[in-house]
Amino acid sequence: MRKKHVSIFTLVIVLGLAVSLYFYTWIRKPVGNRLEGIRALVIIAEGFDYTEYTGVVSYLKKEGAEVDTASFTVKRIEGHGGSCVPDTTFNEINVSHYHVIFIPGGDGPYNIIRHENNQTVFKILTEGFQQGKIIAAICHGPWVLAAADLVNGINVTCWPDQEMIEDLKAHGALVDTRKSVVRDGNIVTANGPAAINPFAEEIVSVAVEKYKSVAPYSNGLQRLIMGSRFS
């Protein structure tokens with residue numbers, strides 16, 4: 001009888017461990033999958049900063065985001081440090097299909113502002129702002145936000161370019177270039193390539209907060225109880 005009790009006890013322990021392991025591996029949300037279902041649009045033009053572009057795009061993709069790059073043309077765009085072929089043009093963009101709009105720095109932002117079709121970009125950004133999308137810009141990228149008149153009363157940071165700073169302030173922005181990353185509502189800005197990782201992480205954090213009902217946890221039980229969805 002005693003042996004039988006020991007066998008049953010052992011079986012219960014083994015089953016308990018197996019069930020615990022199963023739930024741990026199933027419930028626990030894996031790191032690197034926080035942006036599953038999120039779509040990001042990257043806005044570039046000639047002279048864009050390739051390091052900022054690839055750094056942020058790679059970060060978002062590793063977290064599960066789908067990323068499209070748009071420009072005035074689908075021909076190869078030369079940037080500082082590299083080049084890329086856009087997936088689509090600005091004229092073909094439906095803003096409602098995206099959750100995040102990202103503008104890397106370099107000379108690309110200035111070339112967007114002075115381009116004859118700059119209104120197509122301003123329209124995308126304005127619609128994104130009105131629809132509550134996350135709008136992110138690094139280095140000289142915030143300059144385009146000023147040109148689109150989206151920074152009035154908004155706290156931002158940027159590369160310490162005096163002309164850009166003055167233009168941002170002229171459009172009502174509250175500028176502090178000493179800060180590497182600044183979030184104000186749905187607008188996230190960074191002051192240069194040294195801030196790529198914290199900038200990208202802030203975009204991820206805002207996206208999780210805004211579009212996921214449950215943030216990424218180590219506590220899988222809470223995720224199981226609450227579930228996750230997109231708003």
# chains A, B, ... in the order shown; residues from 1 in each chain; ligands from 1
call {"tool": "residues_around", "arguments": {"residues": "range 60-64 of chain A", "least_positions_apart": "6", "cutoff": "12 Å", "atoms": "only C-alpha atoms", "output": "JSON, numbers by chain"}}
result
{"A": [29, 30, 31, 32, 33, 34, 35, 36, 37, 38, 39, 40, 41, 42, 53, 54, 100, 101, 102, 196, 197, 199, 200, 201, 202, 203, 204, 205, 207, 208, 216]}
call {"tool": "select_by_dssp", "arguments": {"residues": "range 73-108 of chain A", "states": "strand (DSSP E or B)", "output": "ChimeraX atom specification"}}
result
/A:77-80,82-84,88-89,100-103,106
call {"tool": "write_last_selection", "arguments": {"atoms": "C-alpha atoms", "output": "tab-separated table (two decimals), in the first residue's frame"}}
result
chain	number	residue	atom	x	y	z
A	77	ILE	CA	17.49	56.43	-52.97
A	78	GLU	CA	21.04	57.35	-52.02
A	79	GLY	CA	21.64	58.18	-48.38
A	80	HIS	CA	24.59	58.96	-46.15
A	82	GLY	CA	24.07	53.50	-47.83
A	83	SER	CA	21.05	53.35	-50.10
A	84	CYS	CA	17.72	51.57	-50.42
A	88	THR	CA	6.13	52.52	-52.43
A	89	THR	CA	5.63	56.22	-53.16
A	100	VAL	CA	3.88	54.25	-36.72
A	101	ILE	CA	5.38	56.88	-39.05
A	102	PHE	CA	9.15	57.31	-38.80
A	103	ILE	CA	11.46	59.95	-40.32
A	106	GLY	CA	20.52	63.29	-42.51
call {"tool": "closest_residue", "arguments": {"among": "A:Val182, A:Ile43, A:Met164, A:Leu125", "to": "Leu145 in chain A", "atoms": "only C-alpha atoms"}}
result
A:Leu125
call {"tool": "closest_residue", "arguments": {"among": "A:Glu209, A:Asn155, A:Thr69, A:Trp143", "to": "Ile187 in chain A", "atoms": "only C-alpha atoms"}}
result
A:Asn155
call {"tool": "residues_around", "arguments": {"residues": "Ala45 in chain A", "least_positions_apart": "4", "cutoff": "9 Å", "atoms": "only C-alpha atoms", "output": "PyMOL selection string"}}
result
chain A and resi 70-73+77-79+107-112
call {"tool": "write_last_selection", "arguments": {"atoms": "N, CA and C atoms", "output": "PDB file, in the first residue's frame"}}
result
ATOM      1  N   ALA A  70       8.791  54.527 -47.856  1.00  0.00           N
ATOM      2  CA  ALA A  70       8.185  55.317 -48.932  1.00  0.00           C
ATOM      3  C   ALA A  70       9.046  56.532 -49.256  1.00  0.00           C
ATOM      4  N   SER A  71       8.979  56.949 -50.527  1.00  0.00           N
ATOM      5  CA  SER A  71       9.677  58.155 -50.955  1.00  0.00           C
ATOM      6  C   SER A  71       8.917  58.756 -52.130  1.00  0.00           C
ATOM      7  N   PHE A  72       9.509  59.752 -52.753  1.00  0.00           N
ATOM      8  CA  PHE A  72       8.851  60.393 -53.890  1.00  0.00           C
ATOM      9  C   PHE A  72       8.874  59.486 -55.114  1.00  0.00           C
ATOM     10  N   THR A  73       9.772  58.504 -55.118  1.00  0.00           N
ATOM     11  CA  THR A  73       9.923  57.566 -56.218  1.00  0.00           C
ATOM     12  C   THR A  73      10.281  56.195 -55.662  1.00  0.00           C
ATOM     13  N   ILE A  77      17.234  55.160 -53.640  1.00  0.00           N
ATOM     14  CA  ILE A  77      17.490  56.429 -52.968  1.00  0.00           C
ATOM     15  C   ILE A  77      18.851  56.363 -52.282  1.00  0.00           C
ATOM     16  N   GLU A  78      19.709  57.308 -52.620  1.00  0.00           N
ATOM     17  CA  GLU A  78      21.038  57.352 -52.017  1.00  0.00           C
ATOM     18  C   GLU A  78      20.996  58.117 -50.699  1.00  0.00           C
ATOM     19  N   GLY A  79      21.578  57.524 -49.678  1.00  0.00           N
ATOM     20  CA  GLY A  79      21.641  58.178 -48.380  1.00  0.00           C
ATOM     21  C   GLY A  79      23.067  58.307 -47.909  1.00  0.00           C
ATOM     22  N   ASP A 107      20.331  64.533 -44.582  1.00  0.00           N
ATOM     23  CA  ASP A 107      19.851  65.620 -45.445  1.00  0.00           C
ATOM     24  C   ASP A 107      18.467  65.328 -46.009  1.00  0.00           C
ATOM     25  N   GLY A 108      17.981  64.106 -45.800  1.00  0.00           N
ATOM     26  CA  GLY A 108      16.669  63.731 -46.321  1.00  0.00           C
ATOM     27  C   GLY A 108      15.551  64.657 -45.895  1.00  0.00           C
ATOM     28  N   PRO A 109      15.440  64.992 -44.607  1.00  0.00           N
ATOM     29  CA  PRO A 109      14.373  65.889 -44.171  1.00  0.00           C
ATOM     30  C   PRO A 109      14.388  67.240 -44.882  1.00  0.00           C
ATOM     31  N   TYR A 110      15.585  67.815 -45.036  1.00  0.00           N
ATOM     32  CA  TYR A 110      15.686  69.105 -45.728  1.00  0.00           C
ATOM     33  C   TYR A 110      15.250  68.965 -47.183  1.00  0.00           C
ATOM     34  N   ASN A 111      15.634  67.855 -47.820  1.00  0.00           N
ATOM     35  CA  ASN A 111      15.254  67.637 -49.216  1.00  0.00           C
ATOM     36  C   ASN A 111      13.759  67.369 -49.362  1.00  0.00           C
ATOM     37  N   ILE A 112      13.138  66.821 -48.331  1.00  0.00           N
ATOM     38  CA  ILE A 112      11.677  66.663 -48.343  1.00  0.00           C
ATOM     39  C   ILE A 112      11.008  68.025 -48.289  1.00  0.00           C
TER      40      ILE A 112
END
call {"tool": "select_by_dssp", "arguments": {"residues": "range 7-218 of chain A", "states": "helix (DSSP H, G or I)", "output": "compact mmCIF listing (two decimals) with C-alpha atoms, in the first residue's frame"}}
result
# COMPACT_ATOMS: atom_id res chain seq x y z
CA SER A 7 3.95 5.92 -6.86
CA ILE A 8 0.82 8.06 -6.94
CA PHE A 9 2.64 10.89 -5.16
CA THR A 10 5.53 10.70 -7.63
CA LEU A 11 3.13 10.68 -10.56
CA VAL A 12 1.35 13.77 -9.22
CA ILE A 13 4.67 15.59 -8.80
CA VAL A 14 5.80 14.70 -12.33
CA LEU A 15 2.48 15.74 -13.85
CA GLY A 16 2.55 18.97 -11.86
CA LEU A 17 6.01 19.83 -13.14
CA ALA A 18 5.02 18.99 -16.70
CA VAL A 19 1.91 21.16 -16.55
CA SER A 20 3.87 24.02 -14.96
CA LEU A 21 6.52 23.83 -17.68
CA TYR A 22 3.85 23.76 -20.39
CA PHE A 23 2.06 26.82 -19.07
CA TYR A 24 5.32 28.67 -18.50
CA THR A 25 6.49 28.19 -22.08
CA TRP A 26 3.04 28.80 -23.60
CA ILE A 27 1.96 31.80 -21.55
CA TYR A 50 21.35 55.24 -43.54
CA THR A 51 22.61 54.35 -40.06
CA GLU A 52 19.54 55.85 -38.38
CA TYR A 53 17.29 54.25 -40.98
CA THR A 54 18.69 50.74 -40.67
CA GLY A 55 19.16 50.97 -36.90
CA VAL A 56 15.55 51.83 -36.16
CA VAL A 57 14.04 49.65 -38.89
CA SER A 58 16.04 46.61 -37.73
CA TYR A 59 14.96 47.23 -34.13
CA LEU A 60 11.29 47.42 -35.08
CA LYS A 61 11.48 44.35 -37.29
CA LYS A 62 13.17 42.32 -34.57
CA PHE A 90 4.04 58.84 -50.94
CA ASN A 91 1.10 59.15 -53.34
CA GLU A 92 0.17 55.51 -52.76
CA VAL A 95 -2.19 56.31 -43.53
CA SER A 96 -4.93 54.26 -41.85
CA HIS A 97 -2.95 51.10 -42.65
CA GLY A 108 16.67 63.73 -46.32
CA PRO A 109 14.37 65.89 -44.17
CA TYR A 110 15.69 69.11 -45.73
CA ASN A 111 15.25 67.64 -49.22
CA ILE A 112 11.68 66.66 -48.34
CA ILE A 113 10.88 70.18 -47.17
CA ASN A 118 6.43 68.15 -50.24
CA GLN A 119 2.70 68.50 -49.60
CA THR A 120 2.26 64.77 -50.13
CA VAL A 121 4.51 64.16 -47.12
CA PHE A 122 2.86 66.88 -45.04
CA LYS A 123 -0.52 65.32 -45.82
CA ILE A 124 0.65 61.90 -44.60
CA LEU A 125 1.98 63.38 -41.38
CA THR A 126 -1.08 65.54 -40.78
CA GLU A 127 -3.43 62.61 -41.32
CA GLY A 128 -1.27 60.46 -39.08
CA PHE A 129 -1.33 63.09 -36.35
CA GLN A 130 -5.10 63.50 -36.63
CA PRO A 142 11.80 66.84 -36.56
CA TRP A 143 12.36 69.60 -39.11
CA VAL A 144 9.75 67.95 -41.33
CA LEU A 145 7.29 67.94 -38.43
CA ALA A 146 7.78 71.69 -38.11
CA ALA A 147 7.23 72.16 -41.84
CA GLN A 162 20.68 76.20 -35.12
CA GLU A 163 18.64 76.83 -38.27
CA MET A 164 16.43 73.83 -37.56
CA ILE A 165 16.08 74.73 -33.89
CA GLU A 166 14.97 78.25 -34.78
CA ASP A 167 12.47 76.89 -37.30
CA LEU A 168 11.07 74.42 -34.76
CA LYS A 169 10.69 77.20 -32.21
CA ALA A 170 9.08 79.45 -34.82
CA PRO A 193 22.45 58.51 -34.17
CA ALA A 194 23.83 57.98 -30.66
CA ALA A 195 20.20 57.75 -29.50
CA ILE A 196 19.09 55.12 -32.02
CA ASN A 197 18.51 52.31 -29.52
CA PRO A 198 16.72 54.28 -26.78
CA PHE A 199 14.72 56.06 -29.48
CA ALA A 200 13.65 52.78 -31.09
CA GLU A 201 12.83 51.32 -27.68
CA GLU A 202 10.66 54.34 -26.89
CA ILE A 203 8.75 53.80 -30.15
CA VAL A 204 8.21 50.16 -29.15
CA SER A 205 7.06 51.16 -25.67
CA VAL A 206 4.57 53.72 -26.99
CA ALA A 207 3.24 51.23 -29.56
CA VAL A 208 2.75 48.57 -26.89
CA GLU A 209 1.04 51.09 -24.62
CA LYS A 210 -1.17 52.44 -27.39
CA TYR A 211 -2.06 49.42 -29.50
call {"tool": "atom_distance", "arguments": {"atom1": "CA of Lys212 in chain A", "atom2": "CA of Asn152 in chain A"}}
result
28.1 Å
call {"tool": "closest_residue", "arguments": {"among": "A:Asp87, A:Gly47, A:Asp161, A:Cys139", "to": "Ser180 in chain A", "atoms": "only C-alpha atoms"}}
result
A:Cys139
